[in-house]
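> Here's a structure for you.
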Amino acid sequence: MRPDILNPLFAEVTALKGIGPALAKPLDRLGLSRVVDVAFHLPTGWVDRLAREELDMADAGRVIAITLTAQSYRSSAGRGPTRVHATDALGNVVSLVYFGGNSGWAKKLLPVGEPRRVSGRLEMYGQDLQMVHPDYVLPLEEAGDTPEREAIYPLSEGMTSKRLGQLAAQAIERAPDLTEWIEPGLLAKQQWPAWREALARIHADPSDAMARERLAYDEIFANQLALMLVRQSSRARRGRALAGTGKLRDALRLPYELTGAQARTVREIEGDLAQPQPMLRLLQGDVGSGKTLVATLAMLVAVEAGAQAALLAPTEILARQHYESLRRTLAGLPVEVAVLTGRDKGKVREATLMGLAAGTIDILIGTHAIFQEAVAYKDLGLVVVDEQHRFGVAQRMMLQAKAKAAPHLLAMTATPIPRTLTLANYGEMDVSQLDEMPPGRQPIETRVISEDRLADVVDALGRHLSDEGQAYWVCPLVEESEKSDMAAAEARAETLRARFGDRVGLVHGKMKPAEKDAVMSAFSAGQLGVLVATTVIEVGVDVPNATLIVIEHADRFGLAQLHQLRGRVGRGSGKSNCLLIRGGSLSETSRARLALMRETTDGFRIAEEDLRLRGAGELLGTKQSGEAGFRLATPDMLMTLLPVATDDARLLIDRDGGLEGARGQAARTALYLFERDAGVALLRSG
Ligand code: ADP
Ligand code: MG
């Protein structure tokens, strides 16, 4: 249970005063649904207001505070702006502009002939000075209320920094004083303020580095502590040693040799499985490095030892694809493989459930459905989780807490993330790396093409198709909305169909699983030449004959995502091409990103660079970072604070593994505050 002391923070945001219907949407867009979200929505910068006695063109572009007197009003017809002509003490003129056709309000704020302290950004409008929607218009006796320094918040339409500042002030008022969880020596050395003070200070003065650092540290600390709780509880549980006989693996006929990295990794996994403590291992390997084979061999070890294995895939498509390819790989071996997804119902599902309970099924492939309540295994010895970045810390914890006898866990990710992030995302795991590609791969040639040459790209696609080639055509993320994604993809599929007819298929996230599967298998089977898709094809899909990928508006994708997408090609022995179509005007960063994609296919280099290009300002939200989902810690803070937080968390667990002492209790509160509390459940069950 969340400690009561945190309740005021976890109340709905509407508990704050002054939130009318007009603010509901902007708050929702910013993801601020509870008071705590507002408290942790930190300002990114500030403006300094210059106190001025007279209007001066030299101040154009700056935020000033000045005493002005309204002289006359001019409202344009219809919904045009209202202009209030006002003068300073010397008679210099400025127009104060109010959009939205609400002239009554402007007149009330600024009655003719009465001086007001006005504050806002001064601008040039032709030869004249103007100020659009002043931030403050106050009677002179209240002029002291205009803050000299004011925080700037990340905004969405309909929201202002001023409003957010007011809401934050209320949130801080509701924030309780919390018992300190940071180790006293560390706190003294860093000279950090207490948690609540840090929160108040950062909202009052966004330049307060100490306060910002403390809050970031708290978040990282809670994250690392949660991971270590998972590790501790896993280590404390009895697993079962799985010693493979080698029988099945020897009988396996592979068309190729294992790469050195695959062989090494399989040995590492074999070593783990032979221990009675459950394995917690992350297998990192770039797209195409051959993770599936490693997983297959690991599962065969489990089956040789008489246990069952389960492979969890992030999507229906991938689950089916793994199932098909595993059946092909294991053809002729005495191994029973089954598939189970949310789509399987009725008799088929019943049969699978019975096979699992009776132990006649050795390997189960599926989506999250394979861990539902009703699914009982006779003897589940190994769980493999493919494409780990869709399977968050919270889910890993749940898996740990749920399973009766702790199974060995192998997680696989194709997202080559920098070491820092690996620790933050998978700090509880041991790591194996597949740092070697299977031989004979031809490098993918990447080109960046401007969008006004789209017609050339379509021609190139035409030539590719008439050479019996297959291709992906990826449509961009538009405004983060699935609906518009879909529209863009549908429109593109239409234009391509006009030229290539029914050789063009379309998949997007809104399609029914069965429809998606049908299109995917038609593409796999070569019945479709072009697959137009949104990012649903990002992970795992394997069609070696597809050797061309076109990515529209490549500048709208993150580097890691582009890398994943590009990994869909270059999977066979044929030479592959990647065409990155870019928009007209590009920022420096986008330019650098695309240039890097052209230059290298090394996933780790791309990942490091991605983090660096994102720099200090950008947060590691859920999307970019895998699942750690930091909202206070920026990449640079993570680099410096993560090692410290990891040590501190480990020390605390070593001393007080049950988090029972005073500091332990305080740390529990931190886990709840940063919503890493799934780990607390493990304390009780462990
Ligand atoms: P990923 O790591 O992205 O999941 P896959 O496991 O899908 O990669 O493997 C990519 C391709 O490489 C597959 O077609 C697979 O058959 C092939 N492959 C895997 N291991 C080897 C190997 N040792 N030698 C040659 N080809 C391999
Ligand atoms: Mg894979």
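Each chain of the structure tokens is named A, B, ... in the order shown, its residues numbered from 1; ligands are numbered from 1 in display order.
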Within 7 Å of ligand 1, which residues show up when you count only C-alpha atoms and all ligand atoms? List them as a VMD selection string, please.
chain A and resid 256 to 259 285 to 293 414 438 to 439 540 542 544 571 to 572
> I need the helix (DSSP H, G or I) residues of segment 290-325 of chain A per DSSP on the backbone, written as an MDAnalysis selection string.
chainID A and resid 291:304 316:325
> Output N, CA, C and O atoms for every residue in that selection, as an mmCIF file, in the first residue's frame.

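result-v6.cif was written with the following content:
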data_model
loop_
_atom_site.group_PDB
_atom_site.id
_atom_site.type_symbol
_atom_site.label_atom_id
_atom_site.label_comp_id
_atom_site.auth_asym_id
_atom_site.auth_seq_id
_atom_site.Cartn_x
_atom_site.Cartn_y
_atom_site.Cartn_z
ATOM 1 N N LYS A 291 19.883 -13.715 -32.456
ATOM 2 C CA LYS A 291 19.444 -13.995 -31.080
ATOM 3 C C LYS A 291 18.507 -15.197 -31.019
ATOM 4 O O LYS A 291 18.519 -15.955 -30.058
ATOM 5 N N THR A 292 17.687 -15.343 -32.074
ATOM 6 C CA THR A 292 16.698 -16.421 -32.045
ATOM 7 C C THR A 292 17.356 -17.784 -31.865
ATOM 8 O O THR A 292 16.867 -18.626 -31.117
ATOM 9 N N LEU A 293 18.471 -17.969 -32.539
ATOM 10 C CA LEU A 293 19.151 -19.257 -32.461
ATOM 11 C C LEU A 293 19.669 -19.505 -31.041
ATOM 12 O O LEU A 293 19.579 -20.615 -30.511
ATOM 13 N N VAL A 294 20.198 -18.451 -30.431
ATOM 14 C CA VAL A 294 20.678 -18.579 -29.045
ATOM 15 C C VAL A 294 19.519 -18.977 -28.133
ATOM 16 O O VAL A 294 19.633 -19.888 -27.305
ATOM 17 N N ALA A 295 18.386 -18.320 -28.334
ATOM 18 C CA ALA A 295 17.211 -18.632 -27.516
ATOM 19 C C ALA A 295 16.786 -20.080 -27.736
ATOM 20 O O ALA A 295 16.445 -20.802 -26.798
ATOM 21 N N THR A 296 16.829 -20.494 -28.995
ATOM 22 C CA THR A 296 16.425 -21.864 -29.318
ATOM 23 C C THR A 296 17.315 -22.870 -28.591
ATOM 24 O O THR A 296 16.821 -23.822 -27.974
ATOM 25 N N LEU A 297 18.614 -22.644 -28.640
ATOM 26 C CA LEU A 297 19.534 -23.570 -27.984
ATOM 27 C C LEU A 297 19.311 -23.570 -26.470
ATOM 28 O O LEU A 297 19.332 -24.620 -25.826
ATOM 29 N N ALA A 298 19.067 -22.387 -25.914
ATOM 30 C CA ALA A 298 18.819 -22.304 -24.469
ATOM 31 C C ALA A 298 17.567 -23.104 -24.114
ATOM 32 O O ALA A 298 17.535 -23.846 -23.125
ATOM 33 N N MET A 299 16.538 -22.990 -24.945
ATOM 34 C CA MET A 299 15.293 -23.704 -24.658
ATOM 35 C C MET A 299 15.506 -25.214 -24.789
ATOM 36 O O MET A 299 14.918 -25.991 -24.041
ATOM 37 N N LEU A 300 16.352 -25.587 -25.723
ATOM 38 C CA LEU A 300 16.630 -27.020 -25.873
ATOM 39 C C LEU A 300 17.362 -27.575 -24.644
ATOM 40 O O LEU A 300 17.118 -28.713 -24.225
ATOM 41 N N VAL A 301 18.228 -26.769 -24.051
ATOM 42 C CA VAL A 301 18.899 -27.204 -22.811
ATOM 43 C C VAL A 301 17.835 -27.515 -21.759
ATOM 44 O O VAL A 301 17.868 -28.559 -21.110
ATOM 45 N N ALA A 302 16.867 -26.599 -21.632
ATOM 46 C CA ALA A 302 15.806 -26.802 -20.642
ATOM 47 C C ALA A 302 15.025 -28.083 -20.939
ATOM 48 O O ALA A 302 14.738 -28.873 -20.030
ATOM 49 N N VAL A 303 14.708 -28.278 -22.221
ATOM 50 C CA VAL A 303 13.927 -29.465 -22.583
ATOM 51 C C VAL A 303 14.742 -30.745 -22.346
ATOM 52 O O VAL A 303 14.237 -31.737 -21.843
ATOM 53 N N GLU A 304 16.029 -30.680 -22.681
ATOM 54 C CA GLU A 304 16.903 -31.833 -22.416
ATOM 55 C C GLU A 304 16.899 -32.194 -20.934
ATOM 56 O O GLU A 304 16.993 -33.362 -20.559
ATOM 57 N N GLU A 316 1.617 -10.300 -31.592
ATOM 58 C CA GLU A 316 1.019 -11.468 -32.213
ATOM 59 C C GLU A 316 1.821 -11.930 -33.438
ATOM 60 O O GLU A 316 2.142 -13.107 -33.597
ATOM 61 N N ILE A 317 2.152 -10.959 -34.285
ATOM 62 C CA ILE A 317 2.883 -11.277 -35.514
ATOM 63 C C ILE A 317 4.183 -11.993 -35.193
ATOM 64 O O ILE A 317 4.520 -13.013 -35.782
ATOM 65 N N LEU A 318 4.921 -11.434 -34.241
ATOM 66 C CA LEU A 318 6.210 -12.024 -33.910
ATOM 67 C C LEU A 318 6.058 -13.387 -33.265
ATOM 68 O O LEU A 318 6.867 -14.282 -33.496
ATOM 69 N N ALA A 319 5.023 -13.540 -32.464
ATOM 70 C CA ALA A 319 4.799 -14.834 -31.829
ATOM 71 C C ALA A 319 4.590 -15.905 -32.905
ATOM 72 O O ALA A 319 5.217 -16.960 -32.879
ATOM 73 N N ARG A 320 3.741 -15.598 -33.884
ATOM 74 C CA ARG A 320 3.462 -16.572 -34.955
ATOM 75 C C ARG A 320 4.723 -16.836 -35.772
ATOM 76 O O ARG A 320 5.000 -17.959 -36.171
ATOM 77 N N GLN A 321 5.460 -15.771 -36.037
ATOM 78 C CA GLN A 321 6.665 -15.922 -36.838
ATOM 79 C C GLN A 321 7.692 -16.811 -36.125
ATOM 80 O O GLN A 321 8.296 -17.695 -36.727
ATOM 81 N N HIS A 322 7.870 -16.589 -34.825
ATOM 82 C CA HIS A 322 8.786 -17.418 -34.047
ATOM 83 C C HIS A 322 8.322 -18.874 -34.052
ATOM 84 O O HIS A 322 9.121 -19.789 -34.153
ATOM 85 N N TYR A 323 7.026 -19.036 -33.915
ATOM 86 C CA TYR A 323 6.461 -20.378 -33.875
ATOM 87 C C TYR A 323 6.780 -21.125 -35.171
ATOM 88 O O TYR A 323 7.307 -22.236 -35.162
ATOM 89 N N GLU A 324 6.480 -20.456 -36.289
ATOM 90 C CA GLU A 324 6.734 -21.093 -37.587
ATOM 91 C C GLU A 324 8.208 -21.438 -37.744
ATOM 92 O O GLU A 324 8.563 -22.538 -38.160
ATOM 93 N N SER A 325 9.082 -20.475 -37.434
ATOM 94 C CA SER A 325 10.496 -20.711 -37.713
ATOM 95 C C SER A 325 11.068 -21.747 -36.744
ATOM 96 O O SER A 325 11.923 -22.543 -37.107
#
> Select from segment 217-400 of chain A everything DSSP, run on the backbone, classes as strand (DSSP E), then give the selection as an NGL selection string.
:A and (280-285 or 308-312 or 337-340 or 363-366 or 380-385)
> Could you write out that same residue set with N, CA, C and O atoms as a compact mmCIF listing (two decimals), in the first residue's frame?

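Once written, result.txt looks like this:
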# COMPACT_ATOMS: atom_id res chain seq x y z
N LEU A 280 19.15 -14.63 -14.41
CA LEU A 280 18.58 -13.33 -14.79
C LEU A 280 19.54 -12.76 -15.81
O LEU A 280 20.49 -12.06 -15.46
N ARG A 281 19.34 -13.06 -17.06
CA ARG A 281 20.34 -12.64 -18.04
C ARG A 281 19.70 -11.87 -19.18
O ARG A 281 18.64 -12.22 -19.68
N LEU A 282 20.41 -10.81 -19.56
CA LEU A 282 19.99 -10.00 -20.70
C LEU A 282 20.90 -10.34 -21.87
O LEU A 282 22.13 -10.31 -21.73
N LEU A 283 20.31 -10.65 -23.00
CA LEU A 283 21.09 -10.90 -24.21
C LEU A 283 20.92 -9.70 -25.13
O LEU A 283 19.85 -9.46 -25.66
N GLN A 284 22.01 -8.95 -25.26
CA GLN A 284 21.97 -7.78 -26.14
C GLN A 284 22.60 -8.15 -27.46
O GLN A 284 23.73 -8.65 -27.48
N GLY A 285 21.90 -7.90 -28.53
CA GLY A 285 22.51 -8.18 -29.83
C GLY A 285 21.78 -7.40 -30.88
O GLY A 285 20.55 -7.37 -30.92
N GLN A 308 10.06 -27.46 -19.13
CA GLN A 308 9.42 -26.75 -20.24
C GLN A 308 10.04 -25.36 -20.40
O GLN A 308 10.60 -24.81 -19.44
N ALA A 309 9.91 -24.80 -21.59
CA ALA A 309 10.39 -23.44 -21.83
C ALA A 309 9.28 -22.63 -22.49
O ALA A 309 8.45 -23.18 -23.20
N ALA A 310 9.26 -21.33 -22.20
CA ALA A 310 8.27 -20.45 -22.82
C ALA A 310 8.99 -19.27 -23.45
O ALA A 310 9.95 -18.75 -22.88
N LEU A 311 8.54 -18.86 -24.62
CA LEU A 311 9.11 -17.69 -25.28
C LEU A 311 8.02 -16.64 -25.43
O LEU A 311 6.98 -16.90 -26.04
N LEU A 312 8.28 -15.48 -24.85
CA LEU A 312 7.30 -14.40 -24.86
C LEU A 312 7.68 -13.38 -25.93
O LEU A 312 8.77 -12.83 -25.92
N VAL A 337 6.19 -28.22 -29.88
CA VAL A 337 6.12 -26.76 -29.79
C VAL A 337 4.68 -26.32 -29.99
O VAL A 337 3.99 -26.84 -30.86
N ALA A 338 4.22 -25.37 -29.18
CA ALA A 338 2.86 -24.85 -29.35
C ALA A 338 2.87 -23.33 -29.30
O ALA A 338 3.85 -22.72 -28.86
N VAL A 339 1.80 -22.73 -29.79
CA VAL A 339 1.70 -21.28 -29.76
C VAL A 339 0.41 -20.89 -29.05
O VAL A 339 -0.61 -21.58 -29.16
N LEU A 340 0.47 -19.78 -28.29
CA LEU A 340 -0.73 -19.33 -27.58
C LEU A 340 -0.74 -17.80 -27.53
O LEU A 340 0.19 -17.18 -27.02
N ILE A 363 7.74 -26.65 -25.51
CA ILE A 363 8.06 -25.23 -25.71
C ILE A 363 6.79 -24.49 -26.10
O ILE A 363 6.08 -24.89 -27.02
N LEU A 364 6.51 -23.41 -25.39
CA LEU A 364 5.34 -22.59 -25.72
C LEU A 364 5.80 -21.22 -26.19
O LEU A 364 6.62 -20.57 -25.54
N ILE A 365 5.27 -20.80 -27.33
CA ILE A 365 5.57 -19.48 -27.85
C ILE A 365 4.29 -18.66 -27.73
O ILE A 365 3.21 -19.18 -28.02
N GLY A 366 4.39 -17.39 -27.35
CA GLY A 366 3.16 -16.62 -27.31
C GLY A 366 3.35 -15.18 -26.88
O GLY A 366 4.48 -14.70 -26.70
N LEU A 380 7.70 -25.37 -15.66
CA LEU A 380 8.31 -24.30 -16.45
C LEU A 380 9.71 -24.00 -15.91
O LEU A 380 9.87 -23.53 -14.79
N GLY A 381 10.72 -24.25 -16.73
CA GLY A 381 12.09 -24.07 -16.26
C GLY A 381 12.76 -22.82 -16.79
O GLY A 381 13.66 -22.26 -16.17
N LEU A 382 12.33 -22.36 -17.97
CA LEU A 382 13.00 -21.22 -18.60
C LEU A 382 11.99 -20.33 -19.31
O LEU A 382 11.14 -20.83 -20.04
N VAL A 383 12.11 -19.04 -19.06
CA VAL A 383 11.30 -18.07 -19.79
C VAL A 383 12.24 -17.20 -20.63
O VAL A 383 13.21 -16.65 -20.11
N VAL A 384 11.96 -17.11 -21.91
CA VAL A 384 12.71 -16.22 -22.78
C VAL A 384 11.79 -15.07 -23.18
O VAL A 384 10.65 -15.30 -23.59
N VAL A 385 12.27 -13.86 -23.01
CA VAL A 385 11.47 -12.70 -23.40
C VAL A 385 12.16 -12.04 -24.58
O VAL A 385 13.28 -11.55 -24.46
> Report as a count of residues only all protein, DNA and RNA residues lying within 8 Å of Asp555 of chain A, evaluated on only C-alpha atoms, omitting residues in the same chain fewer than 4 positions from it.
8
> From the set A:Ala681, A:Ile361, A:Ala666, A:Leu122, which residue has the shortest atom-to-atom contact distance to Ile5 of chain A, counting only C-alpha atoms?
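That would be A:Ala666, the residue with the smallest distance to Ile5 of chain A.
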> Pick out the residues sitting within 10 Å of Asp272 of chain A, and hand them over as a PyMOL selection string; count only C-alpha atoms, and ignore anything fewer than 5 positions along from it in its own chain.
chain A and resi 241-243+266-267+277-281+408-409+430
> Just the residues within 10 Å of Met131 of chain A, please, counting only C-alpha atoms, with nothing from its chain fewer than 5 positions along; format it as a list in words.
Ala60, Gly61, Val63, Ile64, Arg83, Val84, Val94, Ser95, Leu96, Val97, Tyr98, Val118, Ser119, Gly120, Arg121, Leu122, Glu123, Met124 and Tyr125 of chain A
